[in-house]
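Let me begin by presenting the structure, written as structure tokens, before commenting on it.
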Amino acid sequence: RKSTAIITGASSGVGLQAAKALVDKGNWHVIMACRDLIKAEKAAQSVGIPANSYTLMQIDLGSLESVRQFVNNFRATGKTVEALVCNAAIYMPLIKEPLFSPEGYELTVTTNHLGHFLLCNLMLADLQKSPAADKRLVILGTVTHNPDELGGKIPPRPDLGNFEGFAAGFQNPICMINGKEFEPVKAYKDSKVCNVLTMRELHNRFHESTGITFSSLYPGCVATTALFRNHYPLFQKIFPLFQKYITGGFVTEELSGERVAMVVADSEYKQSGIYWSWGNRQKEGRTSFVQKVSPQARDDEKGKRMWDLSYHLVGLG
Ligand code: NDP
């Protein structure tokens with residue numbers, strides 16, 4: 001019997017290749033949780049995922065209502081789930097004004113963090129229901145969450161402050177987690193710090209009692225994905241070349257997907273509370289290592305405050 005993995009944002013880039021790599025392992029069925037199912041179907045076919053190896057299910061991470069609906073729809077299938085991969089994300093470096101979710105929360109933080117935070121909390125019960133011995137919840141991180149690493153030094157730096165924006169209700173016109181003025185690149189980085197904090201809090205709170213493995217990874221700089229679709233066209237041309245020839249950080253979408261699939265399925269990655277990296281300089285056959293996360297992302301007090309405030313914002317308590 002095959003195991004089932006749910007991957008959010010599997011219609012392009014890292015998520016699509018992760019779905020393919022997982023299916024290629026032979027013992028996985030993938031639920032591609034996507035906002036645009038027509039696009040997702042085309043994407044699955046374009047990389048040759050066999051039709052009986054995947055199921056498409058609708059989710060819009062930028063809407064908490066949609067996340068709840070997804071969970072209900074999943075439960076109605078009667079399937080069990082052995083792995084959840086939180087991969088979907090948006091990055092909108094050029095917008096001048098914030099966009100908002102139907103709940104009135106800034107859209108980058110909602111899509112990347114709050115939507116996944118709600119999804120993880122709801123799906124914990126479903127992961128627990130599966131009788132499998134090895135269950136995993138993987139959240140995509142990124143080097144840009146960490147100013148201590150070379151790839152994370154370019155400003156603006158992430159800064160959650162004391163979560164003043166979350167504490168004040170995070171409603172328009174409040175649009176940054178620290179309550180300060182809107183900066184779209186920082187909103188992305190803040191959301192990715194929250195992704196790592198969420199993984200660590202899930203580990204602290206639930207690993208021992210549930211046996212679920214919680215982890216994150218930086219798959220390398222995947223400079224060709226649609227994540228950069230909202231950047232200047234010239235940036236989209238030059239960034240992959242820069243990563244390939246100057247920084248050495250470039251990885252292909254295929255390799256990034258294989259790395260995600262390894263963290264989801266391979267026995268050596270059955271370690272909870274860990275952030276995996278293959279470094280910033282790619283070499284043939286490079287192996288992974290446990291990377292120390294940023295000072296904000298390893299701050300347990302911040303983790304607890306993030307948890308309590310996010311819990312409230314997504315309507316769980
Ligand atoms: P892509 O833009 O290629 O893929 C993002 C995916 O998320 C797409 O499938 C997209 O759907 C989906 N998505 C966006 N918004 C929503 C939403 N509201 N609801 C549901 N799905 C949504 O980006 P990448 O593959 O590059 O990024 C994937 C992950 O990898 C992200 O978490 C990112 O932070 C991380 N990452 C990427 C790096 C890189 O260099 N590219 C480096 C480090 C980490 P659609 O197809 O409909 O647009």
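Every chain in the structure tokens has a letter given in the order shown (A, B, ...), and although residue numbers restart at 1 in each chain, ligands are simply numbered from 1 in the order shown.
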
Contacts of chain A with ligand 1 up to 6 Å, shortest pair per row, only C-alpha atoms and all ligand atoms, as JSON lines:
```
{"residue": "A:Gly9", "atom": "CA", "partner": "ligand 1", "partner_atom_place_in_ligand_line": "9 (O)", "distance": 3.3}
{"residue": "A:Ala10", "atom": "CA", "partner": "ligand 1", "partner_atom_place_in_ligand_line": "9 (O)", "distance": 4.7}
{"residue": "A:Ser11", "atom": "CA", "partner": "ligand 1", "partner_atom_place_in_ligand_line": "9 (O)", "distance": 3.9}
{"residue": "A:Ser12", "atom": "CA", "partner": "ligand 1", "partner_atom_place_in_ligand_line": "9 (O)", "distance": 4.4}
{"residue": "A:Gly13", "atom": "CA", "partner": "ligand 1", "partner_atom_place_in_ligand_line": "25 (O)", "distance": 3.5}
{"residue": "A:Val14", "atom": "CA", "partner": "ligand 1", "partner_atom_place_in_ligand_line": "25 (O)", "distance": 3.7}
{"residue": "A:Gly15", "atom": "CA", "partner": "ligand 1", "partner_atom_place_in_ligand_line": "25 (O)", "distance": 5.6}
{"residue": "A:Cys34", "atom": "CA", "partner": "ligand 1", "partner_atom_place_in_ligand_line": "20 (C)", "distance": 4.9}
{"residue": "A:Arg35", "atom": "CA", "partner": "ligand 1", "partner_atom_place_in_ligand_line": "20 (C)", "distance": 4.4}
{"residue": "A:Asp36", "atom": "CA", "partner": "ligand 1", "partner_atom_place_in_ligand_line": "47 (O)", "distance": 5.1}
{"residue": "A:Ile59", "atom": "CA", "partner": "ligand 1", "partner_atom_place_in_ligand_line": "20 (C)", "distance": 5.5}
{"residue": "A:Asp60", "atom": "CA", "partner": "ligand 1", "partner_atom_place_in_ligand_line": "19 (N)", "distance": 3.5}
{"residue": "A:Leu61", "atom": "CA", "partner": "ligand 1", "partner_atom_place_in_ligand_line": "19 (N)", "distance": 3.9}
{"residue": "A:Gly62", "atom": "CA", "partner": "ligand 1", "partner_atom_place_in_ligand_line": "18 (N)", "distance": 4.1}
{"residue": "A:Asn87", "atom": "CA", "partner": "ligand 1", "partner_atom_place_in_ligand_line": "32 (O)", "distance": 4.3}
{"residue": "A:Ala88", "atom": "CA", "partner": "ligand 1", "partner_atom_place_in_ligand_line": "7 (O)", "distance": 3.3}
{"residue": "A:Ala89", "atom": "CA", "partner": "ligand 1", "partner_atom_place_in_ligand_line": "7 (O)", "distance": 4.6}
{"residue": "A:Ile90", "atom": "CA", "partner": "ligand 1", "partner_atom_place_in_ligand_line": "14 (C)", "distance": 5.0}
{"residue": "A:Thr111", "atom": "CA", "partner": "ligand 1", "partner_atom_place_in_ligand_line": "18 (N)", "distance": 5.3}
{"residue": "A:Leu140", "atom": "CA", "partner": "ligand 1", "partner_atom_place_in_ligand_line": "32 (O)", "distance": 4.8}
{"residue": "A:Gly141", "atom": "CA", "partner": "ligand 1", "partner_atom_place_in_ligand_line": "44 (C)", "distance": 5.4}
{"residue": "A:Thr142", "atom": "CA", "partner": "ligand 1", "partner_atom_place_in_ligand_line": "43 (C)", "distance": 4.0}
{"residue": "A:Tyr218", "atom": "CA", "partner": "ligand 1", "partner_atom_place_in_ligand_line": "43 (C)", "distance": 5.4}
{"residue": "A:Pro219", "atom": "CA", "partner": "ligand 1", "partner_atom_place_in_ligand_line": "43 (C)", "distance": 5.8}
{"residue": "A:Gly220", "atom": "CA", "partner": "ligand 1", "partner_atom_place_in_ligand_line": "42 (C)", "distance": 5.6}
{"residue": "A:Cys221", "atom": "CA", "partner": "ligand 1", "partner_atom_place_in_ligand_line": "40 (O)", "distance": 3.8}
{"residue": "A:Val222", "atom": "CA", "partner": "ligand 1", "partner_atom_place_in_ligand_line": "40 (O)", "distance": 3.5}
{"residue": "A:Ala223", "atom": "CA", "partner": "ligand 1", "partner_atom_place_in_ligand_line": "40 (O)", "distance": 4.8}
{"residue": "A:Thr225", "atom": "CA", "partner": "ligand 1", "partner_atom_place_in_ligand_line": "3 (O)", "distance": 4.3}
{"residue": "A:Ala226", "atom": "CA", "partner": "ligand 1", "partner_atom_place_in_ligand_line": "3 (O)", "distance": 3.9}
{"residue": "A:Leu227", "atom": "CA", "partner": "ligand 1", "partner_atom_place_in_ligand_line": "2 (O)", "distance": 3.3}
```

>> For A:Val185, find every residue with an atom within 9 Å (counting only C-alpha atoms), except residues of its own chain fewer than 3 positions away, and show them as a ChimeraX atom specification.
In response: /A:91-94,155-158,188-190

Store the residues picked out above, limited to all heavy atoms, as a JSON list (two decimals), in the first residue's frame.
```json
[["chain", "number", "residue", "atom", "x", "y", "z"],
["A", 91, "TYR", "N", 5.84, 35.78, -3.37],
["A", 91, "TYR", "CA", 6.90, 36.77, -3.15],
["A", 91, "TYR", "C", 6.60, 37.90, -4.12],
["A", 91, "TYR", "O", 6.60, 37.68, -5.33],
["A", 91, "TYR", "CB", 8.25, 36.11, -3.46],
["A", 91, "TYR", "CG", 9.45, 37.01, -3.41],
["A", 91, "TYR", "CD1", 9.79, 37.70, -2.24],
["A", 91, "TYR", "CD2", 10.28, 37.17, -4.52],
["A", 91, "TYR", "CE1", 10.91, 38.52, -2.20],
["A", 91, "TYR", "CE2", 11.41, 37.97, -4.48],
["A", 91, "TYR", "CZ", 11.72, 38.65, -3.31],
["A", 91, "TYR", "OH", 12.83, 39.45, -3.26],
["A", 92, "MET", "N", 6.31, 39.08, -3.60],
["A", 92, "MET", "CA", 5.90, 40.18, -4.47],
["A", 92, "MET", "C", 6.73, 41.43, -4.22],
["A", 92, "MET", "O", 6.24, 42.40, -3.64],
["A", 92, "MET", "CB", 4.42, 40.43, -4.27],
["A", 92, "MET", "CG", 3.63, 39.17, -4.64],
["A", 92, "MET", "SD", 1.97, 39.49, -5.09],
["A", 92, "MET", "CE", 1.34, 39.62, -3.48],
["A", 93, "PRO", "N", 7.99, 41.37, -4.64],
["A", 93, "PRO", "CA", 8.93, 42.43, -4.26],
["A", 93, "PRO", "C", 8.59, 43.82, -4.76],
["A", 93, "PRO", "O", 9.05, 44.79, -4.18],
["A", 93, "PRO", "CB", 10.26, 41.94, -4.87],
["A", 93, "PRO", "CG", 9.87, 41.01, -5.96],
["A", 93, "PRO", "CD", 8.62, 40.36, -5.50],
["A", 94, "LEU", "N", 7.77, 43.92, -5.81],
["A", 94, "LEU", "CA", 7.60, 45.23, -6.43],
["A", 94, "LEU", "C", 6.32, 45.96, -6.03],
["A", 94, "LEU", "O", 6.14, 47.12, -6.39],
["A", 94, "LEU", "CB", 7.64, 45.11, -7.96],
["A", 94, "LEU", "CG", 8.93, 44.49, -8.52],
["A", 94, "LEU", "CD1", 8.86, 44.43, -10.04],
["A", 94, "LEU", "CD2", 10.16, 45.28, -8.07],
["A", 155, "PRO", "N", 19.70, 43.43, 2.58],
["A", 155, "PRO", "CA", 18.53, 44.02, 3.23],
["A", 155, "PRO", "C", 17.31, 44.02, 2.31],
["A", 155, "PRO", "O", 17.48, 43.88, 1.11],
["A", 155, "PRO", "CB", 19.00, 45.46, 3.52],
["A", 155, "PRO", "CG", 20.18, 45.70, 2.65],
["A", 155, "PRO", "CD", 20.76, 44.38, 2.28],
["A", 156, "PRO", "N", 16.12, 44.17, 2.84],
["A", 156, "PRO", "CA", 15.80, 44.35, 4.25],
["A", 156, "PRO", "C", 15.88, 43.03, 5.02],
["A", 156, "PRO", "O", 15.61, 41.97, 4.46],
["A", 156, "PRO", "CB", 14.34, 44.84, 4.21],
["A", 156, "PRO", "CG", 13.76, 44.17, 3.00],
["A", 156, "PRO", "CD", 14.90, 44.16, 1.99],
["A", 157, "ARG", "N", 16.25, 43.13, 6.29],
["A", 157, "ARG", "CA", 16.32, 41.93, 7.11],
["A", 157, "ARG", "C", 14.96, 41.62, 7.72],
["A", 157, "ARG", "O", 14.19, 42.52, 8.01],
["A", 157, "ARG", "CB", 17.33, 42.14, 8.23],
["A", 157, "ARG", "CG", 18.71, 42.27, 7.66],
["A", 157, "ARG", "CD", 19.74, 42.38, 8.74],
["A", 157, "ARG", "NE", 21.06, 42.28, 8.11],
["A", 157, "ARG", "CZ", 22.15, 41.92, 8.73],
["A", 157, "ARG", "NH1", 22.11, 41.63, 10.02],
["A", 157, "ARG", "NH2", 23.30, 41.86, 8.09],
["A", 158, "PRO", "N", 14.69, 40.33, 7.93],
["A", 158, "PRO", "CA", 13.45, 40.01, 8.62],
["A", 158, "PRO", "C", 13.50, 40.52, 10.05],
["A", 158, "PRO", "O", 14.56, 40.52, 10.67],
["A", 158, "PRO", "CB", 13.42, 38.47, 8.59],
["A", 158, "PRO", "CG", 14.83, 38.05, 8.40],
["A", 158, "PRO", "CD", 15.51, 39.15, 7.63],
["A", 188, "TYR", "N", 7.91, 38.84, 3.02],
["A", 188, "TYR", "CA", 8.27, 37.47, 2.61],
["A", 188, "TYR", "C", 9.25, 36.86, 3.61],
["A", 188, "TYR", "O", 9.05, 35.73, 4.09],
["A", 188, "TYR", "CB", 8.87, 37.48, 1.19],
["A", 188, "TYR", "CG", 9.42, 36.13, 0.76],
["A", 188, "TYR", "CD1", 8.58, 35.13, 0.31],
["A", 188, "TYR", "CD2", 10.79, 35.86, 0.82],
["A", 188, "TYR", "CE1", 9.08, 33.89, -0.07],
["A", 188, "TYR", "CE2", 11.30, 34.63, 0.43],
["A", 188, "TYR", "CZ", 10.44, 33.65, -0.01],
["A", 188, "TYR", "OH", 10.95, 32.42, -0.38],
["A", 189, "LYS", "N", 10.30, 37.62, 3.94],
["A", 189, "LYS", "CA", 11.32, 37.06, 4.85],
["A", 189, "LYS", "C", 10.73, 36.81, 6.24],
["A", 189, "LYS", "O", 11.00, 35.78, 6.86],
["A", 189, "LYS", "CB", 12.50, 38.02, 4.95],
["A", 189, "LYS", "CG", 13.29, 38.12, 3.64],
["A", 189, "LYS", "CD", 14.47, 39.06, 3.79],
["A", 189, "LYS", "CE", 15.27, 39.16, 2.51],
["A", 189, "LYS", "NZ", 16.44, 40.04, 2.66],
["A", 190, "ASP", "N", 9.90, 37.75, 6.72],
["A", 190, "ASP", "CA", 9.23, 37.55, 8.01],
["A", 190, "ASP", "C", 8.41, 36.26, 7.99],
["A", 190, "ASP", "O", 8.43, 35.49, 8.95],
["A", 190, "ASP", "CB", 8.29, 38.73, 8.32],
["A", 190, "ASP", "CG", 9.02, 40.02, 8.71],
["A", 190, "ASP", "OD1", 10.25, 39.98, 8.92],
["A", 190, "ASP", "OD2", 8.34, 41.06, 8.81]]
```

>> For the structure I just gave you, how does DSSP split stretch 50-269 of chain A - specifically, which residues are strand (DSSP E or B)? Reply as a list in words.
In response: Tyr54, Thr55, Leu56, Met57, Gln58, Ala83, Leu84, Val85, Cys86, Phe100, Glu106, Arg136, Leu137, Val138, Ile139, Leu140, Thr213, Phe214, Ser215, Ser216, Leu217, Tyr218, Cys221 and Phe250 of chain A

>> My list of candidates is A:Leu160, A:Ala265, A:Thr144, A:Leu37. Which is closest to A:Thr4 when distances are computed with only C-alpha atoms?
In response: A:Ala265

Hey, what's within 10 Å of A:Leu316 if we count only C-alpha atoms and toss same-chain stuff fewer than 2 positions away? As a CSV table (one decimal) with N, CA, C and O atoms, in the first residue's frame, please?
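What ended up in part-v9.csv:
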```csv
chain,number,residue,atom,x,y,z
A,118,LEU,N,-2.5,27.3,10.0
A,118,LEU,CA,-3.9,26.7,10.2
A,118,LEU,C,-3.9,25.3,9.7
A,118,LEU,O,-4.4,24.4,10.3
A,121,ASN,N,-2.0,22.9,12.0
A,121,ASN,CA,-2.8,22.6,13.2
A,121,ASN,C,-4.0,21.7,13.0
A,121,ASN,O,-4.2,20.8,13.8
A,122,LEU,N,-4.7,21.9,11.9
A,122,LEU,CA,-5.8,21.0,11.6
A,122,LEU,C,-5.4,19.6,11.2
A,122,LEU,O,-6.0,18.6,11.6
A,308,ASP,N,1.0,31.6,19.9
A,308,ASP,CA,-0.3,32.1,20.6
A,308,ASP,C,-1.0,33.1,19.7
A,308,ASP,O,-2.2,33.0,19.5
A,310,SER,N,-0.7,33.7,16.4
A,310,SER,CA,-1.2,33.1,15.1
A,310,SER,C,-2.4,32.2,15.4
A,310,SER,O,-3.4,32.2,14.6
A,311,TYR,N,-2.4,31.5,16.5
A,311,TYR,CA,-3.5,30.6,16.8
A,311,TYR,C,-4.8,31.4,16.9
A,311,TYR,O,-5.8,31.0,16.4
A,312,HIS,N,-4.6,32.6,17.5
A,312,HIS,CA,-5.8,33.5,17.7
A,312,HIS,C,-6.2,34.1,16.3
A,312,HIS,O,-7.4,34.1,16.0
A,313,LEU,N,-5.2,34.5,15.5
A,313,LEU,CA,-5.5,35.2,14.2
A,313,LEU,C,-6.2,34.2,13.3
A,313,LEU,O,-7.1,34.6,12.5
A,314,VAL,N,-5.9,32.9,13.3
A,314,VAL,CA,-6.5,32.0,12.4
A,314,VAL,C,-7.8,31.4,12.9
A,314,VAL,O,-8.4,30.6,12.3
```

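Taking atom CA of A:His113 as the reference point, atom CA of A:Val71 is found at 16.7 Å.
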